[in-house]
Amino acid sequence: MRDLLPPSVAVAVATAADFTGELHPAERACLSATAVESRRREFTAGRVCARRALGALGLPAAPVTTHDRAPVWPPGTIGSITHTAGYCAAVVAHRHDVRALGVDAEQHRPLGEGVARLICLPEELDWCAAAPDAVHWPSVVFSAKESVYKVWHPLAGSWLGFEEARVRPDPGAGTFTALLRPERHAEAAAHGIPTELTGRFVVEGGLVRTALYLPAR
Ligand SMILES: CC(C)(COP(=O)(O)OP(=O)(O)OC[C@H]1O[C@@H](n2cnc3c(N)ncnc32)[C@H](O)[C@@H]1OP(=O)(O)O)[C@@H](O)C(=O)NCCC(=O)NCCS
């Protein structure tokens, strides 16, 4: 994720050992007692990375708990976590630099037709079909929308559906824009969220990675 975010954002990408690292007791309490092994491993890697990123900002490695599925960052900080098979990253920044952060990683592979139709608007599918064919573009649109949600939800506190943002990658620039549906513009304005968000993406090593951030005002 280092390649997708400004230097004010600390980035930690998990090593193999991080998936079996130590959780803070407050973090362990956020993990369901019935969580399967794969969930324990990804949750652990996310928290180990989050605390490493906090350390890189010069802050104590405080626990990162969970509320309503979202990570709760130590006061004065904001961050985001993502995991997919074999990859996990956490990013953190000081709130005086950054207001919102969203990162996402997905496997770079075709989405099933039904899944693609759930995630992508018809105009997005049309764009994907006409775009350079070395990339499975619906997976890029999917990842971008997950990053948008991770920015949207902590600020607005509400659900945002896949059909409520239109994502358009720029293959040459490695950027994407996400245009919110007009019905959500008033809510976006109320929370200081631009109605058109710009993020970055990269497709490499079998993964799609996306990142989005809003600078402090
Ligand atoms: C929450 C969601 C975005 C997570 O994305 P994902 O690709 O499934 O999974 P990732 O591994 O990338 O991210 C999971 C991490 O996201 C974080 N997360 C969960 N809910 C979150 C929220 N509401 N806000 C911010 N971050 C959140 C958590 O840190 C979680 O990891 P953890 O449980 O180990 O702490 C996704 O499951 C979801 O609910 N999406 C539907 C909403 C949406 O995407 N709308 C599109 C709007 S255009």
# chains A, B, ... in the order shown; residues from 1 in each chain; ligands from 1
>>> residues_around(residues="Ile81 in chain A", least_positions_apart="3", cutoff="10 Å", atoms="only C-alpha atoms", output="PyMOL selection string")
chain A and resi 12-13+43+45-47+49-50+70-71+88-92+101-105+147+150
>>> residues_around(residues="range 16-31 of chain A", least_positions_apart="3", cutoff="7 Å", atoms="only C-alpha atoms", output="ChimeraX atom specification")
/A:35,41-42,44-45,48,63-66
>>> write_last_selection(atoms="N, CA and C atoms", output="mmCIF file, in the first residue's frame")
data_model
loop_
_atom_site.group_PDB
_atom_site.id
_atom_site.type_symbol
_atom_site.label_atom_id
_atom_site.label_comp_id
_atom_site.auth_asym_id
_atom_site.auth_seq_id
_atom_site.Cartn_x
_atom_site.Cartn_y
_atom_site.Cartn_z
ATOM 1 N N ALA A 35 -14.713 -17.893 16.263
ATOM 2 C CA ALA A 35 -14.035 -17.568 14.994
ATOM 3 C C ALA A 35 -13.181 -18.745 14.525
ATOM 4 N N ARG A 41 -6.448 -15.781 12.122
ATOM 5 C CA ARG A 41 -5.171 -15.414 11.508
ATOM 6 C C ARG A 41 -5.260 -14.041 10.842
ATOM 7 N N GLU A 42 -6.330 -13.790 10.078
ATOM 8 C CA GLU A 42 -6.410 -12.495 9.378
ATOM 9 C C GLU A 42 -6.625 -11.356 10.371
ATOM 10 N N THR A 44 -5.639 -11.283 13.476
ATOM 11 C CA THR A 44 -4.367 -11.095 14.179
ATOM 12 C C THR A 44 -3.390 -10.303 13.319
ATOM 13 N N ALA A 45 -3.267 -10.696 12.063
ATOM 14 C CA ALA A 45 -2.326 -9.975 11.183
ATOM 15 C C ALA A 45 -2.717 -8.509 11.061
ATOM 16 N N VAL A 48 -1.712 -6.759 14.370
ATOM 17 C CA VAL A 48 -0.250 -6.646 14.482
ATOM 18 C C VAL A 48 0.249 -5.536 13.536
ATOM 19 N N PRO A 63 -3.908 -0.838 21.681
ATOM 20 C CA PRO A 63 -4.796 -1.815 21.026
ATOM 21 C C PRO A 63 -5.750 -1.136 20.051
ATOM 22 N N VAL A 64 -6.077 -1.851 18.998
ATOM 23 C CA VAL A 64 -7.079 -1.380 18.032
ATOM 24 C C VAL A 64 -8.270 -2.316 18.170
ATOM 25 N N THR A 65 -9.306 -1.817 18.831
ATOM 26 C CA THR A 65 -10.472 -2.657 19.095
ATOM 27 C C THR A 65 -11.452 -2.556 17.919
ATOM 28 N N THR A 66 -12.664 -3.044 18.121
ATOM 29 C CA THR A 66 -13.657 -3.082 17.044
ATOM 30 C C THR A 66 -14.985 -2.567 17.570
#
>>> residues_around(residues="Gly206 in chain A", least_positions_apart="5", cutoff="9 Å", atoms="only C-alpha atoms", output="number ranges by chain")
A: 106-109
>>> atom_distance(atom1="CA of Ala14 in chain A", atom2="CA of Arg200 in chain A")
20.5 Å
>>> residues_around(residues="Gly172 in chain A", least_positions_apart="4", cutoff="12 Å", atoms="only C-alpha atoms", output="CSV table (one decimal) with all heavy atoms, in the first residue's frame")
chain,number,residue,atom,x,y,z
A,131,ALA,N,-12.6,-2.0,-21.8
A,131,ALA,CA,-11.3,-1.5,-21.3
A,131,ALA,C,-10.1,-2.5,-21.7
A,131,ALA,O,-10.5,-3.7,-22.0
A,131,ALA,CB,-11.3,-1.4,-19.8
A,132,PRO,N,-8.9,-2.1,-21.6
A,132,PRO,CA,-7.7,-3.0,-21.9
A,132,PRO,C,-7.9,-4.4,-21.2
A,132,PRO,O,-8.2,-4.4,-20.0
A,132,PRO,CB,-6.5,-2.3,-21.4
A,132,PRO,CG,-6.9,-0.8,-21.3
A,132,PRO,CD,-8.4,-0.8,-21.1
A,176,PHE,N,-8.6,6.0,-9.8
A,176,PHE,CA,-10.0,5.8,-10.1
A,176,PHE,C,-10.8,7.0,-9.4
A,176,PHE,O,-10.4,7.6,-8.5
A,176,PHE,CB,-10.5,4.5,-9.5
A,176,PHE,CG,-10.5,4.3,-8.0
A,176,PHE,CD1,-11.6,4.8,-7.3
A,176,PHE,CD2,-9.4,3.8,-7.4
A,176,PHE,CE1,-11.6,4.7,-5.9
A,176,PHE,CE2,-9.4,3.7,-6.0
A,176,PHE,CZ,-10.5,4.1,-5.2
A,200,ARG,N,-6.3,5.6,-5.7
A,200,ARG,CA,-5.3,4.9,-6.6
A,200,ARG,C,-5.5,3.4,-6.5
A,200,ARG,O,-6.0,2.9,-5.6
A,200,ARG,CB,-3.9,5.3,-6.1
A,200,ARG,CG,-3.6,6.8,-6.1
A,200,ARG,CD,-2.1,7.0,-5.9
A,200,ARG,NE,-1.3,6.4,-6.9
A,200,ARG,CZ,-1.2,7.0,-8.1
A,200,ARG,NH1,-1.7,8.1,-8.4
A,200,ARG,NH2,-0.4,6.4,-9.0
A,201,PHE,N,-5.1,2.8,-7.6
A,201,PHE,CA,-5.1,1.3,-7.6
A,201,PHE,C,-3.9,0.7,-8.3
A,201,PHE,O,-3.2,1.4,-9.1
A,201,PHE,CB,-6.4,0.8,-8.4
A,201,PHE,CG,-6.3,0.9,-9.9
A,201,PHE,CD1,-5.8,-0.1,-10.6
A,201,PHE,CD2,-6.7,2.1,-10.5
A,201,PHE,CE1,-5.7,0.0,-12.0
A,201,PHE,CE2,-6.6,2.2,-11.9
A,201,PHE,CZ,-6.1,1.1,-12.7
A,202,VAL,N,-3.6,-0.5,-7.9
A,202,VAL,CA,-2.5,-1.2,-8.7
A,202,VAL,C,-2.9,-2.7,-8.8
A,202,VAL,O,-3.6,-3.2,-7.9
A,202,VAL,CB,-1.1,-1.0,-7.9
A,202,VAL,CG1,-1.1,-1.8,-6.6
A,202,VAL,CG2,0.0,-1.5,-8.8
>>> closest_residue(among="A:Trp159, A:Trp152, A:Tyr87, A:Trp73", to="Thr15 in chain A", atoms="only C-alpha atoms")
A:Tyr87
>>> residues_around(residues="Ser139 in chain A", least_positions_apart="6", cutoff="12 Å", atoms="only C-alpha atoms", output="tab-separated table (two decimals) with all heavy atoms, in the first residue's frame")
chain	number	residue	atom	x	y	z
A	104	ASP	N	-8.07	-1.51	0.43
A	104	ASP	CA	-8.65	-2.81	0.16
A	104	ASP	C	-7.73	-3.61	-0.74
A	104	ASP	O	-7.11	-3.07	-1.65
A	104	ASP	CB	-10.02	-2.66	-0.51
A	104	ASP	CG	-10.70	-4.01	-0.66
A	104	ASP	OD1	-11.18	-4.55	0.35
A	104	ASP	OD2	-10.71	-4.56	-1.78
A	105	ALA	N	-7.68	-4.91	-0.51
A	105	ALA	CA	-6.96	-5.83	-1.39
A	105	ALA	C	-7.89	-6.99	-1.73
A	105	ALA	O	-8.61	-7.50	-0.87
A	105	ALA	CB	-5.70	-6.35	-0.71
A	106	GLU	N	-7.89	-7.36	-2.98
A	106	GLU	CA	-8.70	-8.48	-3.46
A	106	GLU	C	-7.84	-9.34	-4.37
A	106	GLU	O	-6.87	-8.86	-4.96
A	106	GLU	CB	-9.91	-7.98	-4.28
A	106	GLU	CG	-10.85	-7.04	-3.54
A	106	GLU	CD	-11.66	-7.73	-2.43
A	106	GLU	OE1	-11.83	-8.96	-2.50
A	106	GLU	OE2	-12.08	-7.02	-1.50
A	107	GLN	N	-8.25	-10.60	-4.54
A	107	GLN	CA	-7.59	-11.45	-5.53
A	107	GLN	C	-7.92	-10.89	-6.92
A	107	GLN	O	-9.05	-10.49	-7.18
A	107	GLN	CB	-8.10	-12.89	-5.42
A	107	GLN	CG	-7.95	-13.50	-4.04
A	107	GLN	CD	-6.50	-13.62	-3.60
A	107	GLN	OE1	-5.65	-14.06	-4.38
A	107	GLN	NE2	-6.20	-13.22	-2.36
A	108	HIS	N	-6.89	-10.88	-7.79
A	108	HIS	CA	-7.13	-10.41	-9.16
A	108	HIS	C	-7.60	-11.58	-10.01
A	108	HIS	O	-6.79	-12.39	-10.48
A	108	HIS	CB	-5.85	-9.79	-9.75
A	108	HIS	CG	-6.04	-9.33	-11.16
A	108	HIS	ND1	-5.21	-9.69	-12.18
A	108	HIS	CD2	-7.00	-8.56	-11.72
A	108	HIS	CE1	-5.65	-9.15	-13.31
A	108	HIS	NE2	-6.72	-8.45	-13.05
A	109	ARG	N	-8.91	-11.69	-10.12
A	109	ARG	CA	-9.48	-12.80	-10.91
A	109	ARG	C	-10.86	-12.37	-11.37
A	109	ARG	O	-11.45	-11.43	-10.84
A	109	ARG	CB	-9.54	-14.08	-10.06
A	109	ARG	CG	-10.41	-13.96	-8.85
A	109	ARG	CD	-10.35	-15.22	-8.00
A	109	ARG	NE	-11.03	-15.01	-6.74
A	109	ARG	CZ	-10.72	-15.62	-5.61
A	109	ARG	NH1	-9.73	-16.48	-5.56
A	109	ARG	NH2	-11.40	-15.40	-4.51
A	110	PRO	N	-11.40	-13.11	-12.37
A	110	PRO	CA	-12.73	-12.72	-12.84
A	110	PRO	C	-13.76	-12.89	-11.74
A	110	PRO	O	-13.69	-13.84	-10.95
A	110	PRO	CB	-13.00	-13.71	-13.98
A	110	PRO	CG	-11.69	-14.34	-14.31
A	110	PRO	CD	-10.84	-14.26	-13.09
A	111	LEU	N	-14.70	-11.96	-11.65
A	111	LEU	CA	-15.84	-12.14	-10.75
A	111	LEU	C	-16.89	-12.94	-11.52
A	111	LEU	O	-17.03	-12.77	-12.73
A	111	LEU	CB	-16.45	-10.78	-10.37
A	111	LEU	CG	-15.56	-9.76	-9.64
A	111	LEU	CD1	-16.38	-8.53	-9.29
A	111	LEU	CD2	-14.94	-10.37	-8.39
A	112	GLY	N	-17.61	-13.79	-10.83
A	112	GLY	CA	-18.71	-14.49	-11.50
A	112	GLY	C	-19.68	-13.46	-12.07
A	112	GLY	O	-19.77	-12.34	-11.56
A	113	GLU	N	-20.42	-13.87	-13.10
A	113	GLU	CA	-21.32	-12.90	-13.77
A	113	GLU	C	-22.35	-12.32	-12.79
A	113	GLU	O	-22.60	-11.12	-12.77
A	113	GLU	CB	-22.02	-13.60	-14.92
A	113	GLU	CG	-22.39	-12.68	-16.06
A	113	GLU	CD	-23.03	-13.45	-17.19
A	113	GLU	OE1	-22.35	-14.32	-17.77
A	113	GLU	OE2	-24.22	-13.19	-17.45
A	115	VAL	N	-22.14	-12.12	-9.48
A	115	VAL	CA	-21.46	-11.26	-8.50
A	115	VAL	C	-21.14	-9.92	-9.13
A	115	VAL	O	-21.37	-8.85	-8.54
A	115	VAL	CB	-20.17	-11.94	-7.98
A	115	VAL	CG1	-19.40	-11.02	-7.05
A	115	VAL	CG2	-20.50	-13.26	-7.30
A	116	ALA	N	-20.62	-9.96	-10.37
A	116	ALA	CA	-20.26	-8.71	-11.04
A	116	ALA	C	-21.49	-7.81	-11.19
A	116	ALA	O	-21.40	-6.59	-11.01
A	116	ALA	CB	-19.65	-9.00	-12.41
A	117	ARG	N	-22.65	-8.43	-11.46
A	117	ARG	CA	-23.87	-7.62	-11.64
A	117	ARG	C	-24.36	-7.04	-10.31
A	117	ARG	O	-25.00	-6.00	-10.28
A	117	ARG	CB	-24.97	-8.43	-12.31
A	117	ARG	CG	-24.90	-8.36	-13.84
A	117	ARG	CD	-26.26	-8.67	-14.46
A	117	ARG	NE	-26.73	-10.00	-14.04
A	117	ARG	CZ	-26.46	-11.12	-14.71
A	117	ARG	NH1	-25.75	-11.06	-15.81
A	117	ARG	NH2	-26.90	-12.28	-14.28
A	119	ILE	N	-22.29	-6.05	-7.95
A	119	ILE	CA	-21.32	-5.04	-7.51
A	119	ILE	C	-21.24	-3.86	-8.48
A	119	ILE	O	-21.08	-2.71	-8.05
A	119	ILE	CB	-19.94	-5.72	-7.34
A	119	ILE	CG1	-19.99	-6.59	-6.09
A	119	ILE	CG2	-18.81	-4.69	-7.24
A	119	ILE	CD1	-18.94	-7.64	-6.03
A	120	CYS	N	-21.34	-4.17	-9.76
A	120	CYS	CA	-21.12	-3.13	-10.77
A	120	CYS	C	-22.43	-2.65	-11.36
A	120	CYS	O	-23.34	-3.44	-11.63
A	120	CYS	CB	-20.24	-3.67	-11.90
A	120	CYS	SG	-18.63	-4.24	-11.37
A	124	GLU	N	-20.81	0.55	-15.56
A	124	GLU	CA	-19.47	0.10	-15.16
A	124	GLU	C	-19.10	-1.19	-15.90
A	124	GLU	O	-17.97	-1.36	-16.35
A	124	GLU	CB	-19.40	-0.12	-13.64
A	124	GLU	CG	-19.49	1.17	-12.85
A	124	GLU	CD	-19.68	0.95	-11.36
A	124	GLU	OE1	-20.27	-0.09	-10.96
A	124	GLU	OE2	-19.27	1.81	-10.58
A	125	LEU	N	-20.08	-2.09	-16.02
A	125	LEU	CA	-19.82	-3.35	-16.75
A	125	LEU	C	-19.51	-3.05	-18.21
A	125	LEU	O	-18.61	-3.67	-18.80
A	125	LEU	CB	-21.02	-4.29	-16.63
A	125	LEU	CG	-21.22	-4.92	-15.25
A	125	LEU	CD1	-22.49	-5.77	-15.23
A	125	LEU	CD2	-20.00	-5.77	-14.84
A	128	CYS	N	-15.99	-1.81	-18.34
A	128	CYS	CA	-15.03	-2.91	-18.11
A	128	CYS	C	-14.87	-3.76	-19.38
A	128	CYS	O	-13.76	-4.19	-19.72
A	128	CYS	CB	-15.51	-3.81	-16.97
A	128	CYS	SG	-15.45	-3.05	-15.34
A	145	LYS	N	-14.73	0.04	-4.56
A	145	LYS	CA	-15.96	0.29	-3.80
A	145	LYS	C	-15.78	-0.07	-2.32
A	145	LYS	O	-16.33	0.58	-1.44
A	145	LYS	CB	-17.14	-0.45	-4.43
A	145	LYS	CG	-17.54	0.18	-5.76
A	145	LYS	CD	-18.83	-0.39	-6.32
A	145	LYS	CE	-19.18	0.36	-7.63
A	145	LYS	NZ	-20.53	0.04	-8.13
A	146	GLU	N	-15.00	-1.13	-2.05
A	146	GLU	CA	-14.72	-1.48	-0.65
A	146	GLU	C	-13.92	-0.36	0.03
A	146	GLU	O	-14.17	-0.01	1.18
A	146	GLU	CB	-13.95	-2.80	-0.57
A	146	GLU	CG	-14.68	-4.01	-1.16
A	146	GLU	CD	-15.85	-4.50	-0.34
A	146	GLU	OE1	-16.73	-3.69	-0.01
A	146	GLU	OE2	-15.89	-5.71	-0.06
A	167	VAL	N	-17.87	3.84	-10.12
A	167	VAL	CA	-16.40	3.85	-10.14
A	167	VAL	C	-15.90	3.82	-11.58
A	167	VAL	O	-16.40	3.04	-12.41
A	167	VAL	CB	-15.85	2.65	-9.34
A	167	VAL	CG1	-14.36	2.43	-9.62
A	167	VAL	CG2	-16.07	2.87	-7.85
A	169	PRO	N	-12.14	3.55	-13.34
A	169	PRO	CA	-10.67	3.54	-13.28
A	169	PRO	C	-10.07	4.33	-14.45
A	169	PRO	O	-10.68	4.42	-15.52
A	169	PRO	CB	-10.31	2.05	-13.42
A	169	PRO	CG	-11.59	1.30	-13.21
A	169	PRO	CD	-12.69	2.22	-13.65
A	201	PHE	N	-5.08	2.75	-7.61
A	201	PHE	CA	-5.13	1.29	-7.62
A	201	PHE	C	-3.87	0.74	-8.28
A	201	PHE	O	-3.20	1.43	-9.06
A	201	PHE	CB	-6.38	0.78	-8.36
A	201	PHE	CG	-6.30	0.90	-9.86
A	201	PHE	CD1	-5.80	-0.15	-10.64
A	201	PHE	CD2	-6.71	2.06	-10.50
A	201	PHE	CE1	-5.72	-0.05	-12.03
A	201	PHE	CE2	-6.64	2.18	-11.89
A	201	PHE	CZ	-6.14	1.13	-12.65
A	202	VAL	N	-3.57	-0.52	-7.95
A	202	VAL	CA	-2.50	-1.23	-8.66
A	202	VAL	C	-2.92	-2.69	-8.77
A	202	VAL	O	-3.60	-3.22	-7.89
A	202	VAL	CB	-1.14	-1.05	-7.94
A	202	VAL	CG1	-1.10	-1.78	-6.61
A	202	VAL	CG2	0.00	-1.52	-8.82
A	203	VAL	N	-2.57	-3.30	-9.89
A	203	VAL	CA	-2.82	-4.73	-10.11
A	203	VAL	C	-1.46	-5.38	-10.26
A	203	VAL	O	-0.73	-5.09	-11.22
A	203	VAL	CB	-3.67	-4.97	-11.37
A	203	VAL	CG1	-3.89	-6.46	-11.59
A	203	VAL	CG2	-4.99	-4.22	-11.28
A	206	GLY	N	-0.94	-10.95	-8.57
A	206	GLY	CA	-2.18	-11.67	-8.35
A	206	GLY	C	-3.19	-10.95	-7.48
A	206	GLY	O	-4.22	-11.51	-7.13
A	207	LEU	N	-2.88	-9.71	-7.12
A	207	LEU	CA	-3.79	-8.94	-6.27
A	207	LEU	C	-4.19	-7.63	-6.93
A	207	LEU	O	-3.42	-7.05	-7.72
A	207	LEU	CB	-3.11	-8.58	-4.94
A	207	LEU	CG	-2.72	-9.70	-3.99
A	207	LEU	CD1	-2.01	-9.10	-2.77
A	207	LEU	CD2	-3.96	-10.48	-3.53
A	208	VAL	N	-5.37	-7.16	-6.57
A	208	VAL	CA	-5.77	-5.78	-6.83
A	208	VAL	C	-5.69	-5.06	-5.49
A	208	VAL	O	-6.23	-5.56	-4.50
A	208	VAL	CB	-7.24	-5.69	-7.30
A	208	VAL	CG1	-7.65	-4.23	-7.50
A	208	VAL	CG2	-7.46	-6.50	-8.54
A	209	ARG	N	-5.03	-3.93	-5.46
A	209	ARG	CA	-5.00	-3.12	-4.24
A	209	ARG	C	-5.54	-1.73	-4.58
A	209	ARG	O	-5.18	-1.16	-5.61
A	209	ARG	CB	-3.59	-3.00	-3.67
A	209	ARG	CG	-3.03	-4.31	-3.16
A	209	ARG	CD	-1.64	-4.15	-2.57
A	209	ARG	NE	-0.61	-4.01	-3.59
A	209	ARG	CZ	0.09	-2.92	-3.81
A	209	ARG	NH1	-0.11	-1.83	-3.09
A	209	ARG	NH2	1.02	-2.89	-4.76
A	210	THR	N	-6.37	-1.20	-3.69
A	210	THR	CA	-6.87	0.16	-3.88
A	210	THR	C	-6.71	0.94	-2.58
A	210	THR	O	-6.68	0.36	-1.49
A	210	THR	CB	-8.37	0.18	-4.28
A	210	THR	OG1	-9.12	-0.53	-3.30
A	210	THR	CG2	-8.59	-0.44	-5.66
>>> select_by_dssp(residues="range 24-161 of chain A", states="strand (DSSP E)", output="ChimeraX atom specification")
/A:65-67,70-72,77-84,87-94,98-107
>>> closest_residue(among="A:Ala53, A:Ala10, A:Ala165, A:Leu118", to="ligand 1", atoms="only C-alpha atoms and all ligand atoms")
A:Ala165
>>> atom_distance(atom1="CA of Ala62 in chain A", atom2="CA of Ser158 in chain A")
26.8 Å
>>> atom_distance(atom1="CA of Val72 in chain A", atom2="atom 34 (O, counted along the ligand's line) of ligand 1")
11.3 Å
>>> select_by_dssp(residues="range 4-167 of chain A", states="helix (DSSP H, G or I)", output="MDAnalysis selection string")
chainID A and resid 4 16:20 25:28 37:56 113:119 122:130 137:156 162:164
>>> residues_around(residues="Gly192 in chain A", least_positions_apart="2", cutoff="12 Å", atoms="only C-alpha atoms", output="ChimeraX atom specification")
/A:99-100,151-152,155-156,185-190,194-197,214-217
>>> write_last_selection(atoms="N, CA and C atoms", output="PDB file, in the first residue's frame")
ATOM      1  N   ARG A  99      -8.239  12.831   7.281  1.00  0.00           N
ATOM      2  CA  ARG A  99      -9.575  12.696   7.887  1.00  0.00           C
ATOM      3  C   ARG A  99     -10.145  11.302   7.734  1.00  0.00           C
ATOM      4  N   ALA A 100      -9.806  10.646   6.638  1.00  0.00           N
ATOM      5  CA  ALA A 100     -10.405   9.333   6.384  1.00  0.00           C
ATOM      6  C   ALA A 100      -9.483   8.527   5.488  1.00  0.00           C
ATOM      7  N   VAL A 151     -14.009   4.526   3.757  1.00  0.00           N
ATOM      8  CA  VAL A 151     -13.923   5.978   3.986  1.00  0.00           C
ATOM      9  C   VAL A 151     -15.290   6.517   4.409  1.00  0.00           C
ATOM     10  N   TRP A 152     -16.328   6.070   3.716  1.00  0.00           N
ATOM     11  CA  TRP A 152     -17.677   6.601   3.927  1.00  0.00           C
ATOM     12  C   TRP A 152     -18.211   6.277   5.327  1.00  0.00           C
ATOM     13  N   LEU A 155     -17.153   8.085   8.637  1.00  0.00           N
ATOM     14  CA  LEU A 155     -17.529   9.498   8.664  1.00  0.00           C
ATOM     15  C   LEU A 155     -19.040   9.676   8.726  1.00  0.00           C
ATOM     16  N   ALA A 156     -19.763   8.969   7.864  1.00  0.00           N
ATOM     17  CA  ALA A 156     -21.212   9.177   7.756  1.00  0.00           C
ATOM     18  C   ALA A 156     -21.994   8.296   8.723  1.00  0.00           C
ATOM     19  N   HIS A 185     -25.785  13.024  -1.967  1.00  0.00           N
ATOM     20  CA  HIS A 185     -24.919  14.211  -1.953  1.00  0.00           C
ATOM     21  C   HIS A 185     -25.113  15.064  -0.691  1.00  0.00           C
ATOM     22  N   ALA A 186     -26.372  15.223  -0.251  1.00  0.00           N
ATOM     23  CA  ALA A 186     -26.617  16.066   0.928  1.00  0.00           C
ATOM     24  C   ALA A 186     -25.950  15.439   2.153  1.00  0.00           C
ATOM     25  N   GLU A 187     -26.083  14.127   2.277  1.00  0.00           N
ATOM     26  CA  GLU A 187     -25.470  13.439   3.419  1.00  0.00           C
ATOM     27  C   GLU A 187     -23.949  13.537   3.344  1.00  0.00           C
ATOM     28  N   ALA A 188     -23.427  13.387   2.138  1.00  0.00           N
ATOM     29  CA  ALA A 188     -21.974  13.509   1.969  1.00  0.00           C
ATOM     30  C   ALA A 188     -21.517  14.900   2.405  1.00  0.00           C
ATOM     31  N   ALA A 189     -22.227  15.917   1.957  1.00  0.00           N
ATOM     32  CA  ALA A 189     -21.846  17.297   2.295  1.00  0.00           C
ATOM     33  C   ALA A 189     -21.898  17.507   3.807  1.00  0.00           C
ATOM     34  N   ALA A 190     -22.926  16.931   4.437  1.00  0.00           N
ATOM     35  CA  ALA A 190     -23.083  17.098   5.885  1.00  0.00           C
ATOM     36  C   ALA A 190     -21.891  16.524   6.654  1.00  0.00           C
ATOM     37  N   PRO A 194     -16.436  14.529  -0.142  1.00  0.00           N
ATOM     38  CA  PRO A 194     -16.649  14.981  -1.517  1.00  0.00           C
ATOM     39  C   PRO A 194     -17.579  14.018  -2.255  1.00  0.00           C
ATOM     40  N   THR A 195     -18.362  14.541  -3.171  1.00  0.00           N
ATOM     41  CA  THR A 195     -19.275  13.662  -3.915  1.00  0.00           C
ATOM     42  C   THR A 195     -18.534  12.909  -5.009  1.00  0.00           C
ATOM     43  N   GLU A 196     -17.334  13.391  -5.357  1.00  0.00           N
ATOM     44  CA  GLU A 196     -16.464  12.620  -6.253  1.00  0.00           C
ATOM     45  C   GLU A 196     -15.150  12.380  -5.523  1.00  0.00           C
ATOM     46  N   LEU A 197     -14.869  11.109  -5.298  1.00  0.00           N
ATOM     47  CA  LEU A 197     -13.660  10.727  -4.563  1.00  0.00           C
ATOM     48  C   LEU A 197     -12.630  10.200  -5.553  1.00  0.00           C
ATOM     49  N   LEU A 214      -8.805  11.042   2.501  1.00  0.00           N
ATOM     50  CA  LEU A 214      -9.242  12.436   2.489  1.00  0.00           C
ATOM     51  C   LEU A 214      -8.289  13.215   3.371  1.00  0.00           C
ATOM     52  N   PRO A 215      -7.611  14.229   2.830  1.00  0.00           N
ATOM     53  CA  PRO A 215      -6.703  15.014   3.652  1.00  0.00           C
ATOM     54  C   PRO A 215      -7.479  15.815   4.709  1.00  0.00           C
ATOM     55  N   ALA A 216      -6.801  16.167   5.792  1.00  0.00           N
ATOM     56  CA  ALA A 216      -7.439  16.992   6.810  1.00  0.00           C
ATOM     57  C   ALA A 216      -7.791  18.339   6.200  1.00  0.00           C
ATOM     58  N   ARG A 217      -8.891  18.944   6.729  1.00  0.00           N
ATOM     59  CA  ARG A 217      -9.311  20.223   6.137  1.00  0.00           C
ATOM     60  C   ARG A 217      -8.504  21.361   6.730  1.00  0.00           C
TER      61      ARG A 217
END
